[in-house]
Amino acid sequence: MSGIPLRRIDLLNGDNFRDIGGYGASYGVTSFGAIYRSADISKLQEGDLPSLFALNIQTIIDLRSDDVREEHPDPLSLLNIREYHALPVNGGGRIAVDENDMMDSYFEMIDEPVSAARIFRALINGEKPLLIHCTAGKDRTGVFVALLLLANGVDQVDVSADYYLSLPLLKRTRDETLKSYPDFPRAVLYPSPDFFPKFLELFFAKYRSMDNYFNFIGLNKVERESLANLLGTQERSYGAILFKDGKALIEKMGLGHVSLPKGHMEAIDEDLWATIHRELKEELSIDRSSYRFLDDERYPIVYSPREGHIKRVEFAVAEVNGDIDLTCDQEEVVEARFLPYEEALKALTFQSDKNALSWAFRKIKGRGS
């Protein structure tokens with residue numbers, strides 16, 4: 001039926017392509033249209049494009065090894081992808097010889113902190129909708145998606161069911177593999193029903209909780225909170241880091257924190273730039289004729305403002321090119337000031353805003369301002 005989200009997306013030249021939305025989570029239900037998983041997409045052709053364009057995928061995380069990726073590259077020129085991350089897993093996605101070895105390979109992937117943290121940070125920060133894939137979409141993709149689902153409070157029964165859904169969706173890949181490699185380990189292609197529940201049992205015996213695991217691989221508190229809500233309601237805001245005579249504009253909000261000007265995109269906004277113009281006008285009475293953007297580049301930050309919600313904010317850099325008289329909307333903003341960079345940096349409450357300001361300041365300095 002039209003309008004009903006689909007778990008599985010049929011492609012002419014790709015297997016195991018599906019949405020991980022629709023699972024019961026700690027905050028309700030995981031969102032459709034946020035993160036997709038799949039097998040190899042290197043063979044996608046023109047006939048697959050209508051289905052893929054309808055998904056509006058912005059980011060691809062490719063877990064395949066360097067040599068496989070170079071031999072069979074993703075068709076990025078066909079897909080208009082904004083971000084592409086080549087992130088091979090620890091162990092290179094080696095082919096296990098049996099189920100015990102497959103279990104070992106899963107822990108090889110997730111126990112190595114540097115590569116595992118890179119993958120989870122890409123999942124957090126990549127613009128959504130996002131696709132994560134490997135060759136079959138069962139093992140490398142399967143284990144990292146499983147941990148993401150667990151982080152969002154999805155029950156272990158559903159997590160295992162999502163893992164085993166790869167089996168019927170990989171028939172074509174499996175048939176081609178056995179035709180080319182008759183001795184390919186059957187246990188890898190047909191894991192037993194108790195294999196993944198056993199993996200989860202061993203995982204929690206080792207790490208006790210998802211928060212412990214994410215702390216082990218080096219993710220900070222904001223990153224851990226973001227992962228725990230990454231599949232929740234997706235929120236978007238846009239803002240401007242505004243400079244005047246080398247000073248940066250900061251706001252003291254009614255809730256007490258000091259921030260950078262930003263706001264949610266509304267239905268009346270034609271695009272993100274319209275959102276920024278409207279927010280500056282509504283919050284601070286700054287007319288769009290009094291500033292100019294340096295370029296189209298934007299700095300994203302991602303965090304969870306509350307349970308079940310994940311928020312992505314993108315900041316552009318602008319310079320004041322005329323006189324302005326700041327008049328705050330007292331309902332949200334109680335004070336706004338232009339401060340020298342170091343003072344503004346110290347005044348901001350959140351580290352993510354400090355990082356955005358540092359990025360913007362480097363851009364301004366690079367322009368000789």
# chains A, B, ... in the order shown; residues from 1 in each chain; ligands from 1
$ residues_around --residues "Phe338 of chain A" --least-positions-apart "3" --cutoff "6 Å" --atoms "only C-alpha atoms" --output "VMD selection string"
chain A and resid 247 to 249
$ closest_atom_pairs --of "segment 92-193 of chain A" --to "segment 60-67 of chain A" --cutoff "9 Å" --atoms "only C-alpha atoms" --output "Markdown table"
| residue | atom | partner | partner_atom | distance |
| --- | --- | --- | --- | --- |
| A:Gly92 | CA | A:Ser65 | CA | 5.2 |
| A:Gly93 | CA | A:Ser65 | CA | 6.8 |
| A:Ile119 | CA | A:Ile61 | CA | 7.9 |
| A:Ala122 | CA | A:Ile61 | CA | 7.4 |
| A:Leu123 | CA | A:Ile61 | CA | 7.9 |
| A:Gly126 | CA | A:Ile60 | CA | 8.2 |
| A:Leu130 | CA | A:Ile60 | CA | 5.9 |
| A:Leu131 | CA | A:Ile60 | CA | 4.8 |
| A:Ile132 | CA | A:Ile61 | CA | 4.6 |
| A:His133 | CA | A:Asp62 | CA | 5.4 |
| A:Cys134 | CA | A:Leu63 | CA | 4.9 |
| A:Thr135 | CA | A:Arg64 | CA | 6.5 |
| A:Arg140 | CA | A:Leu63 | CA | 6.9 |
| A:Thr141 | CA | A:Leu63 | CA | 7.2 |
$ residues_around --residues "Ser289 of chain A" --least-positions-apart "6" --cutoff "12 Å" --atoms "only C-alpha atoms" --output "PyMOL selection string"
chain A and resi 277+280-281+318-324
$ closest_atom_pairs --of "segment 190-264 of chain A" --to "segment 348-360 of chain A" --cutoff "6 Å" --atoms "only C-alpha atoms" --output "tab-separated table"
residue	atom	partner	partner_atom	distance
A:His257	CA	A:Thr349	CA	5.8
A:Val258	CA	A:Leu348	CA	5.0
A:Ser259	CA	A:Leu348	CA	5.7
$ atom_distance --atom1 "atom CA of Phe216 of chain A" --atom2 "atom CA of Glu112 of chain A"
9.7 Å
$ closest_residue --among "A:Val188, A:Ile310, A:Leu178, A:Leu170" --to "Asp139 of chain A" --atoms "only C-alpha atoms"
A:Val188
$ closest_atom_pairs --of "segment 118-177 of chain A" --to "segment 189-211 of chain A" --cutoff "9 Å" --atoms "only C-alpha atoms" --output "tab-separated table"
residue	atom	partner	partner_atom	distance
A:Leu147	CA	A:Met210	CA	7.7
A:Leu150	CA	A:Met210	CA	7.3
A:Ala151	CA	A:Met210	CA	5.9
A:Gln156	CA	A:Pro197	CA	7.7
A:Val157	CA	A:Pro197	CA	8.0
A:Ser160	CA	A:Phe196	CA	6.1
A:Tyr163	CA	A:Phe196	CA	7.6
A:Tyr164	CA	A:Pro193	CA	8.2
A:Leu167	CA	A:Tyr190	CA	7.1
A:Leu170	CA	A:Leu189	CA	8.9
A:Arg174	CA	A:Leu189	CA	6.9
$ select_by_dssp --residues "segment 145-314 of chain A" --states "strand (DSSP E or B)" --output "PyMOL selection string"
chain A and resi 233-244+247-253+258-259+262-264+291-293+299-306+309-314
$ residues_around --residues "Ile41 of chain A" --least-positions-apart "4" --cutoff "9 Å" --atoms "only C-alpha atoms" --output "ChimeraX atom specification"
/A:13-15,72-75,133-135
$ closest_residue --among "A:Ala136, A:Asn215, A:Val114, A:Ile276" --to "Ser38 of chain A" --atoms "only C-alpha atoms"
A:Ala136
$ atom_distance --atom1 "atom CA of Tyr238 of chain A" --atom2 "atom CA of Met265 of chain A"
7.1 Å
$ closest_residue --among "A:Leu231, A:Lys138, A:Thr177, A:Ala96" --to "Phe32 of chain A" --atoms "only C-alpha atoms"
A:Leu231
$ closest_residue --among "A:Arg292, A:Gly232, A:Glu251, A:Ile286" --to "Ala347 of chain A" --atoms "only C-alpha atoms"
A:Glu251
$ select_by_dssp --residues "segment 138-173 of chain A" --states "alpha helix (DSSP H)" --output "list in words"
Arg140, Thr141, Gly142, Val143, Phe144, Val145, Ala146, Leu147, Leu148, Leu149, Leu150, Ala151, Gln156, Val157, Asp158, Val159, Ser160, Ala161, Asp162, Tyr163, Tyr164, Ser166, Leu167, Pro168, Leu169, Lys171, Arg172 and Thr173 of chain A
$ atom_distance --atom1 "atom CA of Gly239 of chain A" --atom2 "atom CA of Leu272 of chain A"
8.7 Å
$ closest_residue --among "A:Val222, A:Ala316, A:Ala39, A:Met102" --to "Lys171 of chain A" --atoms "only C-alpha atoms"
A:Ala39
$ closest_residue --among "A:Ile241, A:Gly263, A:Asp271, A:Leu255" --to "Leu339 of chain A" --atoms "only C-alpha atoms"
A:Ile241
$ residues_around --residues "Gln45 of chain A" --least-positions-apart "3" --cutoff "9 Å" --atoms "only C-alpha atoms" --output "PDB file with all heavy atoms, in the first residue's frame"
ATOM      1  N   LEU A  12      17.236  -4.549  -8.740  1.00  0.00           N
ATOM      2  CA  LEU A  12      17.530  -5.473  -9.826  1.00  0.00           C
ATOM      3  C   LEU A  12      18.928  -6.065  -9.691  1.00  0.00           C
ATOM      4  O   LEU A  12      19.168  -7.210 -10.072  1.00  0.00           O
ATOM      5  CB  LEU A  12      17.407  -4.751 -11.173  1.00  0.00           C
ATOM      6  CG  LEU A  12      16.024  -4.186 -11.510  1.00  0.00           C
ATOM      7  CD1 LEU A  12      16.093  -3.374 -12.800  1.00  0.00           C
ATOM      8  CD2 LEU A  12      15.014  -5.323 -11.657  1.00  0.00           C
ATOM      9  N   ASN A  13      19.857  -5.277  -9.148  1.00  0.00           N
ATOM     10  CA  ASN A  13      21.261  -5.689  -9.143  1.00  0.00           C
ATOM     11  C   ASN A  13      21.907  -5.553  -7.761  1.00  0.00           C
ATOM     12  O   ASN A  13      23.090  -5.287  -7.651  1.00  0.00           O
ATOM     13  CB  ASN A  13      22.044  -4.846 -10.154  1.00  0.00           C
ATOM     14  CG  ASN A  13      21.476  -4.965 -11.549  1.00  0.00           C
ATOM     15  OD1 ASN A  13      21.698  -5.954 -12.230  1.00  0.00           O
ATOM     16  ND2 ASN A  13      20.734  -3.948 -11.981  1.00  0.00           N
ATOM     17  N   SER A  42      28.006  -2.376  -5.866  1.00  0.00           N
ATOM     18  CA  SER A  42      28.854  -1.997  -6.999  1.00  0.00           C
ATOM     19  C   SER A  42      28.228  -2.331  -8.355  1.00  0.00           C
ATOM     20  O   SER A  42      28.596  -1.744  -9.370  1.00  0.00           O
ATOM     21  CB  SER A  42      30.221  -2.670  -6.888  1.00  0.00           C
ATOM     22  OG  SER A  42      30.103  -4.083  -7.025  1.00  0.00           O
ATOM     23  N   ASP A  48      18.066   0.487 -11.246  1.00  0.00           N
ATOM     24  CA  ASP A  48      17.912   0.560  -9.795  1.00  0.00           C
ATOM     25  C   ASP A  48      17.750   1.989  -9.288  1.00  0.00           C
ATOM     26  O   ASP A  48      17.378   2.201  -8.135  1.00  0.00           O
ATOM     27  CB  ASP A  48      19.143  -0.049  -9.105  1.00  0.00           C
ATOM     28  CG  ASP A  48      19.269  -1.537  -9.364  1.00  0.00           C
ATOM     29  OD1 ASP A  48      18.285  -2.256  -9.122  1.00  0.00           O
ATOM     30  OD2 ASP A  48      20.346  -1.970  -9.803  1.00  0.00           O
ATOM     31  N   LEU A  49      18.048   2.964 -10.141  1.00  0.00           N
ATOM     32  CA  LEU A  49      18.114   4.347  -9.676  1.00  0.00           C
ATOM     33  C   LEU A  49      16.787   4.899  -9.166  1.00  0.00           C
ATOM     34  O   LEU A  49      16.773   5.602  -8.145  1.00  0.00           O
ATOM     35  CB  LEU A  49      18.683   5.248 -10.774  1.00  0.00           C
ATOM     36  CG  LEU A  49      20.140   4.939 -11.162  1.00  0.00           C
ATOM     37  CD1 LEU A  49      20.649   5.973 -12.152  1.00  0.00           C
ATOM     38  CD2 LEU A  49      21.036   4.894  -9.941  1.00  0.00           C
ATOM     39  N   PRO A  75      29.026   2.843  -7.085  1.00  0.00           N
ATOM     40  CA  PRO A  75      28.711   3.741  -8.215  1.00  0.00           C
ATOM     41  C   PRO A  75      28.291   5.126  -7.732  1.00  0.00           C
ATOM     42  O   PRO A  75      27.155   5.566  -7.923  1.00  0.00           O
ATOM     43  CB  PRO A  75      27.562   3.005  -8.918  1.00  0.00           C
ATOM     44  CG  PRO A  75      26.860   2.289  -7.810  1.00  0.00           C
ATOM     45  CD  PRO A  75      27.941   1.883  -6.834  1.00  0.00           C
ATOM     46  N   LEU A  78      26.548   7.761  -9.911  1.00  0.00           N
ATOM     47  CA  LEU A  78      25.139   7.547 -10.258  1.00  0.00           C
ATOM     48  C   LEU A  78      24.201   7.991  -9.138  1.00  0.00           C
ATOM     49  O   LEU A  78      23.038   8.321  -9.401  1.00  0.00           O
ATOM     50  CB  LEU A  78      24.877   6.065 -10.547  1.00  0.00           C
ATOM     51  CG  LEU A  78      25.483   5.453 -11.810  1.00  0.00           C
ATOM     52  CD1 LEU A  78      25.154   3.974 -11.860  1.00  0.00           C
ATOM     53  CD2 LEU A  78      24.968   6.150 -13.055  1.00  0.00           C
TER      54      LEU A  78
END
